[in-house]
Amino acid sequence: MKPLSLIEKAFFLKKVKIFADLDLDLLLAVAEKLHFDEYDQNERVFALNQAAHRMYLIVQGSVQILDERMRPLSDLTSGDFFGDESLFNEQPRSYFAICKSDTHLLILSRSHLLSVISECPSVAVALLQSYAQTLSCRLKREDPARL
């Protein structure tokens with residue numbers, strides 16, 4: 001797979017839940033900061049306790065999230081994202097992410113997100129609203145009694 005053009009990245013972002021409510025001009029601002037990368041099957045995207053400065057969006061392929069004992073927590077596919085908590089805190093990774101198949105990812109670093117927000121502050125509000133909804137859904141899925 002060849003890297004995506006700017007407009008292809010923006011249209012892909014529109015399909016990702018955390019970015020779905022953003023207008024096209026905001027999506028283009030975010031898309032401009034995304035980096036494309038390819039991973040092989042069984043390749044580790046990141047490990048437990050690794051420094052965390054990026055989030056990952058799955059364009060194609062699948063990634064398994066594993067706990068500290070390497071037990072599966074979730075399987076993610078195209079349109080899913082992970083590592084997003086690193087954009088909002090500076091804690092090390094609390095889980096492993098390993099590709100279950102050859103996988104193509106778009107990567108957004110914390111510094112690039114901050115750059116987008118400084119250029120277009122409304123991105124921050126839109127992302128926080130989407131993130132709050134997504135986090136609530138994740139918590140319900142993990143432990144319905146929690147909410």
# chains A, B, ... in the order shown; residues from 1 in each chain; ligands from 1
>>> residues_around(residues="range 56-67 of chain A", least_positions_apart="4", cutoff="10 Å", atoms="only C-alpha atoms", output="CSV table (one decimal) with C-alpha atoms, in the first residue's frame")
chain,number,residue,atom,x,y,z
A,1,MET,CA,0.0,0.0,0.0
A,4,LEU,CA,-2.2,8.2,1.6
A,9,LYS,CA,-6.0,11.0,5.1
A,12,PHE,CA,-10.0,8.4,6.4
A,13,LEU,CA,-10.1,10.5,9.6
A,16,VAL,CA,-12.6,7.4,12.8
A,34,LEU,CA,-0.1,12.4,10.3
A,35,HIS,CA,2.7,10.1,9.5
A,36,PHE,CA,2.2,6.8,7.6
A,37,ASP,CA,4.0,3.7,8.7
A,38,GLU,CA,3.8,-0.1,7.9
A,39,TYR,CA,4.2,-2.9,10.4
A,40,ASP,CA,4.6,-6.6,9.7
A,41,GLN,CA,2.5,-9.4,11.2
A,42,ASN,CA,3.6,-10.0,14.9
A,43,GLU,CA,5.6,-6.8,14.9
A,44,ARG,CA,5.3,-4.8,18.2
A,45,VAL,CA,4.0,-1.3,17.8
A,46,PHE,CA,4.9,-0.5,21.4
A,47,ALA,CA,5.6,-2.3,24.7
A,48,LEU,CA,4.5,-2.0,28.3
A,71,ARG,CA,-3.3,-11.5,27.9
A,72,PRO,CA,-5.5,-10.1,25.1
A,73,LEU,CA,-7.6,-7.1,26.0
A,74,SER,CA,-9.0,-6.2,22.5
A,75,ASP,CA,-8.6,-6.7,18.8
A,76,LEU,CA,-8.7,-3.6,16.7
A,77,THR,CA,-9.1,-3.3,12.9
A,78,SER,CA,-9.4,-0.6,10.2
A,79,GLY,CA,-10.9,2.6,11.6
A,80,ASP,CA,-10.0,1.9,15.2
A,81,PHE,CA,-7.3,3.8,17.1
A,82,PHE,CA,-5.1,3.2,20.1
A,83,GLY,CA,-2.4,4.9,22.2
A,84,ASP,CA,-4.7,7.9,22.3
A,94,SER,CA,0.1,0.5,30.3
A,95,TYR,CA,-0.2,-2.2,27.7
A,96,PHE,CA,1.3,-3.9,24.6
A,97,ALA,CA,0.2,-3.3,21.0
A,98,ILE,CA,1.1,-6.1,18.5
A,99,CYS,CA,0.1,-6.4,14.9
A,100,LYS,CA,-2.0,-9.5,14.2
A,101,SER,CA,-1.5,-9.0,10.4
A,102,ASP,CA,0.5,-6.8,8.1
A,103,THR,CA,-0.8,-3.4,9.2
A,104,HIS,CA,-0.8,0.2,7.9
A,105,LEU,CA,-1.0,2.9,10.5
A,106,LEU,CA,-1.4,6.7,10.6
A,107,ILE,CA,0.5,8.2,13.5
A,108,LEU,CA,-0.2,11.4,15.3
A,109,SER,CA,2.4,12.7,17.7
>>> select_by_dssp(residues="range 50-100 of chain A", states="strand (DSSP E or B)", output="NGL selection string")
:A and (54-60 or 62-66 or 72-77 or 81-82 or 96-99)
